[in-house]
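J.: What follows is final.txt, made up of compact mmCIF, C-alpha atoms:
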```
# COMPACT_ATOMS: atom_id res chain seq x y z
CA MET A 356 111.11 100.19 80.74
CA PRO A 357 114.40 99.70 78.89
CA ASP A 358 115.38 96.52 77.09
CA THR A 359 118.29 95.53 79.30
CA THR A 360 119.79 92.65 81.22
CA ASP A 361 120.78 94.88 84.14
CA ARG A 362 120.95 92.56 87.16
CA ASN A 363 121.56 95.32 89.70
CA HIS A 364 118.12 96.92 89.48
CA VAL A 365 114.48 95.99 89.38
CA TYR A 366 111.70 98.17 87.96
CA LEU A 367 108.41 99.10 89.56
CA GLY A 368 105.62 100.18 87.26
CA VAL A 369 102.71 102.40 88.34
CA HIS A 370 99.78 102.23 85.94
CA VAL A 371 98.39 105.61 84.86
CA ARG A 372 95.96 104.97 82.03
CA GLY A 373 95.12 102.71 79.12
CA SER A 374 95.16 98.93 78.92
CA VAL A 375 97.87 96.89 80.65
CA THR A 376 97.65 93.18 81.38
CA VAL A 377 100.04 91.20 83.58
CA VAL A 378 100.61 87.61 82.47
CA ARG A 379 101.98 85.39 85.24
CA GLU A 380 101.75 81.63 85.52
CA ARG A 381 99.15 81.57 82.70
CA ALA A 382 96.91 83.97 84.64
CA LYS A 383 96.05 87.29 82.96
CA THR A 384 95.31 90.21 85.28
CA PRO A 385 94.32 93.63 83.92
CA LEU A 386 95.71 96.56 85.87
CA GLU A 387 93.60 99.44 87.09
CA PRO A 388 94.90 103.01 87.35
CA ASN A 389 97.29 103.38 90.33
CA ASP A 390 98.01 99.63 90.46
CA LEU A 391 101.66 98.59 90.77
CA VAL A 392 103.80 95.72 89.53
CA PHE A 393 107.46 94.83 90.01
CA CYS A 394 109.14 94.10 86.67
CA ASP A 395 112.34 92.59 85.35
CA PRO A 396 113.39 94.04 81.97
CA ALA A 397 114.64 90.59 81.00
CA ARG A 398 111.02 89.37 81.23
CA ARG A 399 109.24 92.13 79.38
CA HIS A 400 106.77 89.58 78.03
CA LEU A 401 105.01 89.53 81.42
CA LEU A 402 103.42 92.89 80.54
CA ARG A 403 101.00 93.31 77.63
CA PHE A 404 100.43 96.96 76.67
CA GLY A 405 97.36 98.22 74.84
CA GLU A 406 96.94 101.41 72.86
CA ASP A 407 97.25 104.80 74.56
CA CYS A 408 98.86 103.17 77.59
CA GLN A 409 100.88 105.13 80.11
CA MET A 410 102.91 103.75 83.01
CA ILE A 411 105.53 105.34 85.24
CA PHE A 412 108.57 103.14 85.85
CA PHE A 413 110.96 103.52 88.78
CA ARG A 414 114.40 101.89 88.76
CA VAL A 415 115.24 100.46 92.19
CA PRO A 416 118.58 98.97 93.31
CA ARG A 417 117.86 95.34 94.13
CA CYS A 418 120.23 95.41 97.11
CA TYR A 419 118.01 98.00 98.82
CA LEU A 420 114.95 95.77 98.96
CA GLY A 421 116.49 93.48 101.56
CA VAL A 422 115.45 90.16 100.00
CA THR A 423 117.19 87.31 98.22
CA GLU A 424 117.04 86.82 94.48
CA SER A 425 114.64 83.89 94.84
CA GLU A 426 112.34 85.96 97.09
CA LEU A 427 112.41 88.80 94.59
CA ASN A 428 111.42 86.39 91.83
CA GLN A 429 108.32 85.52 93.85
CA VAL A 430 107.00 89.09 93.65
CA LEU A 431 107.98 89.90 90.06
CA GLY A 432 104.84 90.18 87.97
CA VAL A 433 102.49 90.09 90.97
CA PRO A 434 99.84 92.84 90.54
CA VAL A 435 99.49 95.11 93.57
CA ARG A 436 96.26 97.04 93.96
CA GLY A 437 96.89 100.74 94.38
CA GLY A 438 93.67 101.48 96.20
CA GLU A 439 94.27 99.73 99.49
CA GLY A 440 96.89 99.03 102.15
CA ILE A 441 100.61 99.47 101.53
CA GLY A 442 99.93 99.46 97.80
CA ALA A 443 97.89 102.65 98.10
CA LEU A 444 100.61 104.36 100.17
CA ALA A 445 103.31 103.38 97.69
CA SER A 446 101.25 104.34 94.63
CA ASP A 447 100.29 107.76 95.97
CA PHE A 448 103.81 108.54 97.17
CA LEU A 449 105.52 107.48 93.94
CA THR A 450 103.01 109.27 91.72
CA ALA A 451 103.53 112.49 93.67
CA LEU A 452 107.31 112.03 93.57
CA ALA A 453 107.31 111.53 89.80
CA ALA A 454 105.29 114.70 89.29
CA LYS A 455 107.95 116.85 90.98
CA ALA A 456 110.76 117.10 88.44
CA GLU A 457 112.67 119.54 90.64
CA PHE A 458 113.23 116.80 93.23
CA ARG A 459 115.12 114.50 90.91
CA ARG A 460 118.54 116.07 91.42
CA SER A 461 118.38 117.62 94.85
CA THR A 462 119.12 116.71 98.45
CA ILE A 463 115.41 116.59 99.23
CA GLY A 464 114.83 114.36 96.22
CA ASP A 465 117.56 112.01 97.40
CA ARG A 466 115.90 111.67 100.79
CA LEU A 467 112.49 111.16 99.23
CA ALA A 468 113.92 108.49 96.95
CA ARG A 469 115.32 106.63 99.94
CA THR A 470 111.99 106.90 101.71
CA ALA A 471 110.34 105.45 98.62
CA VAL A 472 112.75 102.52 98.53
CA HIS A 473 112.16 101.82 102.21
CA LEU A 474 108.40 101.84 101.56
CA LEU A 475 108.87 99.43 98.64
CA SER A 476 110.91 97.07 100.81
CA VAL A 477 107.93 96.92 103.20
CA LEU A 478 105.64 96.25 100.23
CA VAL A 479 107.88 93.38 99.09
CA MET A 480 107.82 91.83 102.56
CA GLU A 481 104.02 92.11 102.64
CA LEU A 482 103.78 90.33 99.28
CA LEU A 483 106.07 87.56 100.49
CA GLU A 484 104.10 87.11 103.70
CA ALA A 485 100.83 87.00 101.76
CA ASP A 486 102.32 84.35 99.49
CA THR A 487 103.31 82.13 102.41
CA THR A 488 99.95 82.44 104.18
CA ASP A 489 97.72 81.76 101.14
CA GLY A 490 95.74 78.58 101.57
CA THR A 491 96.13 78.31 105.34
CA ASP A 492 93.07 78.03 107.57
CA ASP A 493 92.00 80.56 110.21
CA ALA A 494 92.39 78.26 113.20
CA SER A 495 95.47 80.15 114.32
CA GLY A 496 93.82 83.55 114.01
CA THR A 497 94.16 84.39 117.68
CA GLY A 498 97.82 83.44 117.70
CA SER A 499 98.43 85.51 114.56
CA GLU A 500 96.87 88.57 116.18
CA LEU A 501 99.02 88.14 119.27
CA LEU A 502 102.11 87.64 117.12
CA ALA A 503 101.31 90.86 115.27
CA ARG A 504 101.07 92.75 118.59
CA ILE A 505 104.35 91.23 119.76
CA ARG A 506 106.10 92.27 116.56
CA ALA A 507 104.74 95.80 116.96
CA TYR A 508 106.09 95.84 120.52
CA ILE A 509 109.50 94.70 119.25
CA GLU A 510 109.51 97.51 116.67
CA GLU A 511 108.86 100.07 119.42
CA HIS A 512 111.69 98.72 121.60
CA LEU A 513 114.36 97.81 119.05
CA MET A 514 116.71 100.42 120.51
CA ASP A 515 116.54 98.81 123.97
CA PRO A 516 119.69 96.70 124.44
CA ASP A 517 117.89 94.73 127.18
CA LEU A 518 115.10 93.56 124.84
CA SER A 519 114.93 89.80 125.37
CA PRO A 520 112.42 86.94 125.15
CA ASP A 521 111.82 87.25 128.92
CA VAL A 522 111.03 90.96 128.65
CA ILE A 523 108.78 90.46 125.64
CA ALA A 524 106.90 87.57 127.25
CA ARG A 525 106.28 89.50 130.49
CA ALA A 526 104.99 92.52 128.56
CA HIS A 527 102.34 90.30 126.94
CA HIS A 528 101.53 88.16 130.00
CA ILE A 529 102.57 84.90 128.37
CA SER A 530 105.29 82.36 129.05
CA VAL A 531 108.58 82.39 127.18
CA ARG A 532 107.76 78.88 125.98
CA TYR A 533 104.51 80.05 124.38
CA LEU A 534 106.27 83.07 122.91
CA GLN A 535 108.86 80.82 121.30
CA LYS A 536 106.10 78.58 119.96
CA LEU A 537 104.38 81.52 118.25
CA PHE A 538 107.57 82.40 116.40
CA GLN A 539 108.40 78.77 115.71
CA ASN A 540 105.05 78.33 113.97
CA ASP A 541 106.05 81.29 111.81
CA GLY A 542 109.37 79.69 110.91
CA SER A 543 111.63 81.75 113.15
CA THR A 544 112.66 82.43 116.74
CA VAL A 545 112.22 85.53 118.87
CA SER A 546 115.93 86.27 118.90
CA GLN A 547 116.24 85.77 115.15
CA TRP A 548 113.37 88.18 114.52
CA VAL A 549 114.80 90.88 116.78
CA ARG A 550 118.24 90.50 115.19
CA GLN A 551 116.80 90.59 111.67
CA ARG A 552 114.82 93.76 112.31
CA ARG A 553 117.79 95.49 113.94
CA LEU A 554 120.00 94.58 111.00
CA GLU A 555 117.44 95.87 108.50
CA VAL A 556 117.16 99.21 110.29
CA CYS A 557 120.94 99.49 110.62
CA ARG A 558 121.41 98.73 106.93
CA PHE A 559 118.92 101.43 106.01
CA GLU A 560 120.65 104.01 108.23
CA LEU A 561 124.08 103.18 106.86
CA GLY A 562 122.78 103.61 103.33
CA ARG A 563 121.63 107.20 103.79
CA SER A 564 124.22 109.10 101.80
CA HIS A 565 123.09 112.60 102.82
CA ARG A 566 125.00 112.14 106.05
CA ARG A 567 127.88 109.90 107.02
CA ILE A 568 127.33 107.96 110.22
CA THR A 569 129.78 105.66 111.96
CA MET A 570 129.23 101.94 112.29
CA ALA A 571 129.79 102.16 116.07
CA ALA A 572 127.07 104.81 116.45
CA VAL A 573 124.55 102.73 114.50
CA ALA A 574 125.40 99.57 116.43
CA HIS A 575 125.01 101.32 119.78
CA ARG A 576 121.73 103.01 118.85
CA TRP A 577 120.06 99.77 117.76
CA GLY A 578 120.93 97.59 120.71
CA PHE A 579 124.02 95.65 119.60
CA SER A 580 126.41 94.85 122.42
CA SER A 581 129.53 96.05 120.57
CA PRO A 582 130.67 97.24 117.12
CA SER A 583 132.59 93.99 116.60
CA HIS A 584 129.50 91.90 117.36
CA PHE A 585 127.45 94.07 115.02
CA SER A 586 130.05 93.75 112.26
CA ARG A 587 130.16 89.93 112.53
CA THR A 588 126.37 89.67 112.59
CA PHE A 589 125.99 92.04 109.64
CA ARG A 590 128.53 90.15 107.56
CA GLY A 591 126.89 86.83 108.41
CA ALA A 592 123.51 88.14 107.22
CA TYR A 593 124.54 90.09 104.10
CA GLY A 594 127.93 88.72 103.09
CA MET A 595 129.76 92.03 103.51
CA SER A 596 130.89 94.32 106.28
CA PRO A 597 128.82 97.36 107.33
CA SER A 598 131.42 99.70 105.81
CA GLU A 599 131.37 97.78 102.51
CA TRP A 600 127.56 98.01 102.43
CA GLN A 601 127.69 101.73 103.19
CA ALA A 602 130.04 102.33 100.25
CA LEU A 603 127.92 100.16 97.92
CA ALA A 604 124.62 101.73 98.95
CA THR A 605 126.00 105.23 98.57
CA SER A 606 127.30 104.53 95.07
CA ALA A 607 123.99 102.93 94.04
CA PHE A 608 122.22 106.28 94.45
CA SER A 609 125.02 108.47 93.12
CA PRO A 610 124.20 110.35 89.90
CA THR A 611 125.59 108.68 86.80
CA GLN A 612 128.50 110.32 85.01
CA ALA A 613 126.26 111.14 82.07
CA GLY A 614 123.61 112.55 84.38
CA ALA A 615 126.21 114.70 86.12
CA GLN A 616 127.41 116.05 82.80
CA ASP A 617 123.84 116.87 81.80
CA GLU A 618 123.37 118.67 85.08
CA ARG A 619 126.51 120.73 84.55
CA ARG A 620 125.40 121.71 81.05
CA ARG A 621 122.14 123.00 82.50
```
Could you express the structure from this file as structure tokens?

T.:
Amino acid sequence: MPDTTDRNHVYLGVHVRGSVTVVRERAKTPLEPNDLVFCDPARRHLLRFGEDCQMIFFRVPRCYLGVTESELNQVLGVPVRGGEGIGALASDFLTALAAKAEFRRSTIGDRLARTAVHLLSVLVMELLEADTTDGTDDASGTGSELLARIRAYIEEHLMDPDLSPDVIARAHHISVRYLQKLFQNDGSTVSQWVRQRRLEVCRFELGRSHRRITMAAVAHRWGFSSPSHFSRTFRGAYGMSPSEWQALATSAFSPTQAGAQDERRR
């Protein structure tokens, strides 16, 4: 991990071997092989390396993780076990990706890198959700299970322009009022959740540089009523237009000038 104050990227470390300890809020957590941890080079002191230590670090554009700076700070230095859940998927995928040097400057490698970043954005969201639910009791367990099923239903029907609270409530045999209460207890509304997920998927599609896709096509595919409505909603959520994001995301994954020169020399 370089000694840098780069504010455009965050680093993810995958532990391979040796002794590594994460120090966060006075707690010291030793990492096991395949464990992961998000790192900020400006806070290198959070990691304590022992002898014969090996870690693989991945540089990730912060803008691709889909969270605010304060949310990202919540997950920096949080150890993620690489033997279970999303952590295991991310660890296995990244380790395999790092082992294939031929992918690093190829079209396939570019697509795999974007898949990796999308997987890491899911991991970040899982860490944030775990942080907000720590310390709560299990009295709302039934409601949480129903909410999880409803969210899965929404994911399956995001492309449906007619997806609405009424449709969602009928599909789960509950009232719209109870549906709204479930989301209210989670700090959101049904409409906000659907809009957020559509925006996240649209942002990911627009950022895929291996093919150019129009804003209107993305808006239509993911259930927005019109390109103008999509553009206003996107700007309100991310502070830039869809076309501005597409240009920024594409440049974030473009090879550096030095890297391009190295490639030409080869």

J.: Between A:Cys394, A:Leu367, A:Leu475, A:Val549, which has the minimum distance to Tyr419 in chain A (counting only C-alpha atoms)?

T.: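 Once distances to Tyr419 in chain A are computed over only C-alpha atoms, the minimum belongs to A:Leu475.
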
J.: Calculate how many Å separate CA of Ser580 in chain A from CA of His527 in chain A, rounding to one decimal.

T.: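 Those two atoms sit 24.9 Å apart.
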
J.: Val371 in chain A: which residues within 7 Å, counting all atoms listed in the file, same-chain residues fewer than 6 positions away excluded, as an NGL selection string?

T.: :A and (388-389 or 409-410)

J.: Fewer than 3 positions away in the same chain doesn't count, so skip those; otherwise give me all residues within 12 Å of Arg553 in chain A, counting only C-alpha atoms, as a ChimeraX atom specification.

T.: /A:509-516,518,546-550,556-560,573-579,585,588-589,592

J.: Please, what is the axis-aligned box for every listed atom of range 538-547 of chain A with 5 Å on each side, as centre and edge lengths in Å to one decimal, as JSON?

T.:
```
{"center_x": 110.6, "center_y": 82.3, "center_z": 114.9, "size_x": 21.2, "size_y": 17.9, "size_z": 18.0}
```

J.: Given the choices A:Leu449, A:Val522, A:Leu534, A:Leu431, which gets closest to Phe393 in chain A if the distance is worked out from all atoms listed in the file?

T.: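 Residue with the minimum atom-to-atom distance to Phe393 in chain A: A:Leu431.
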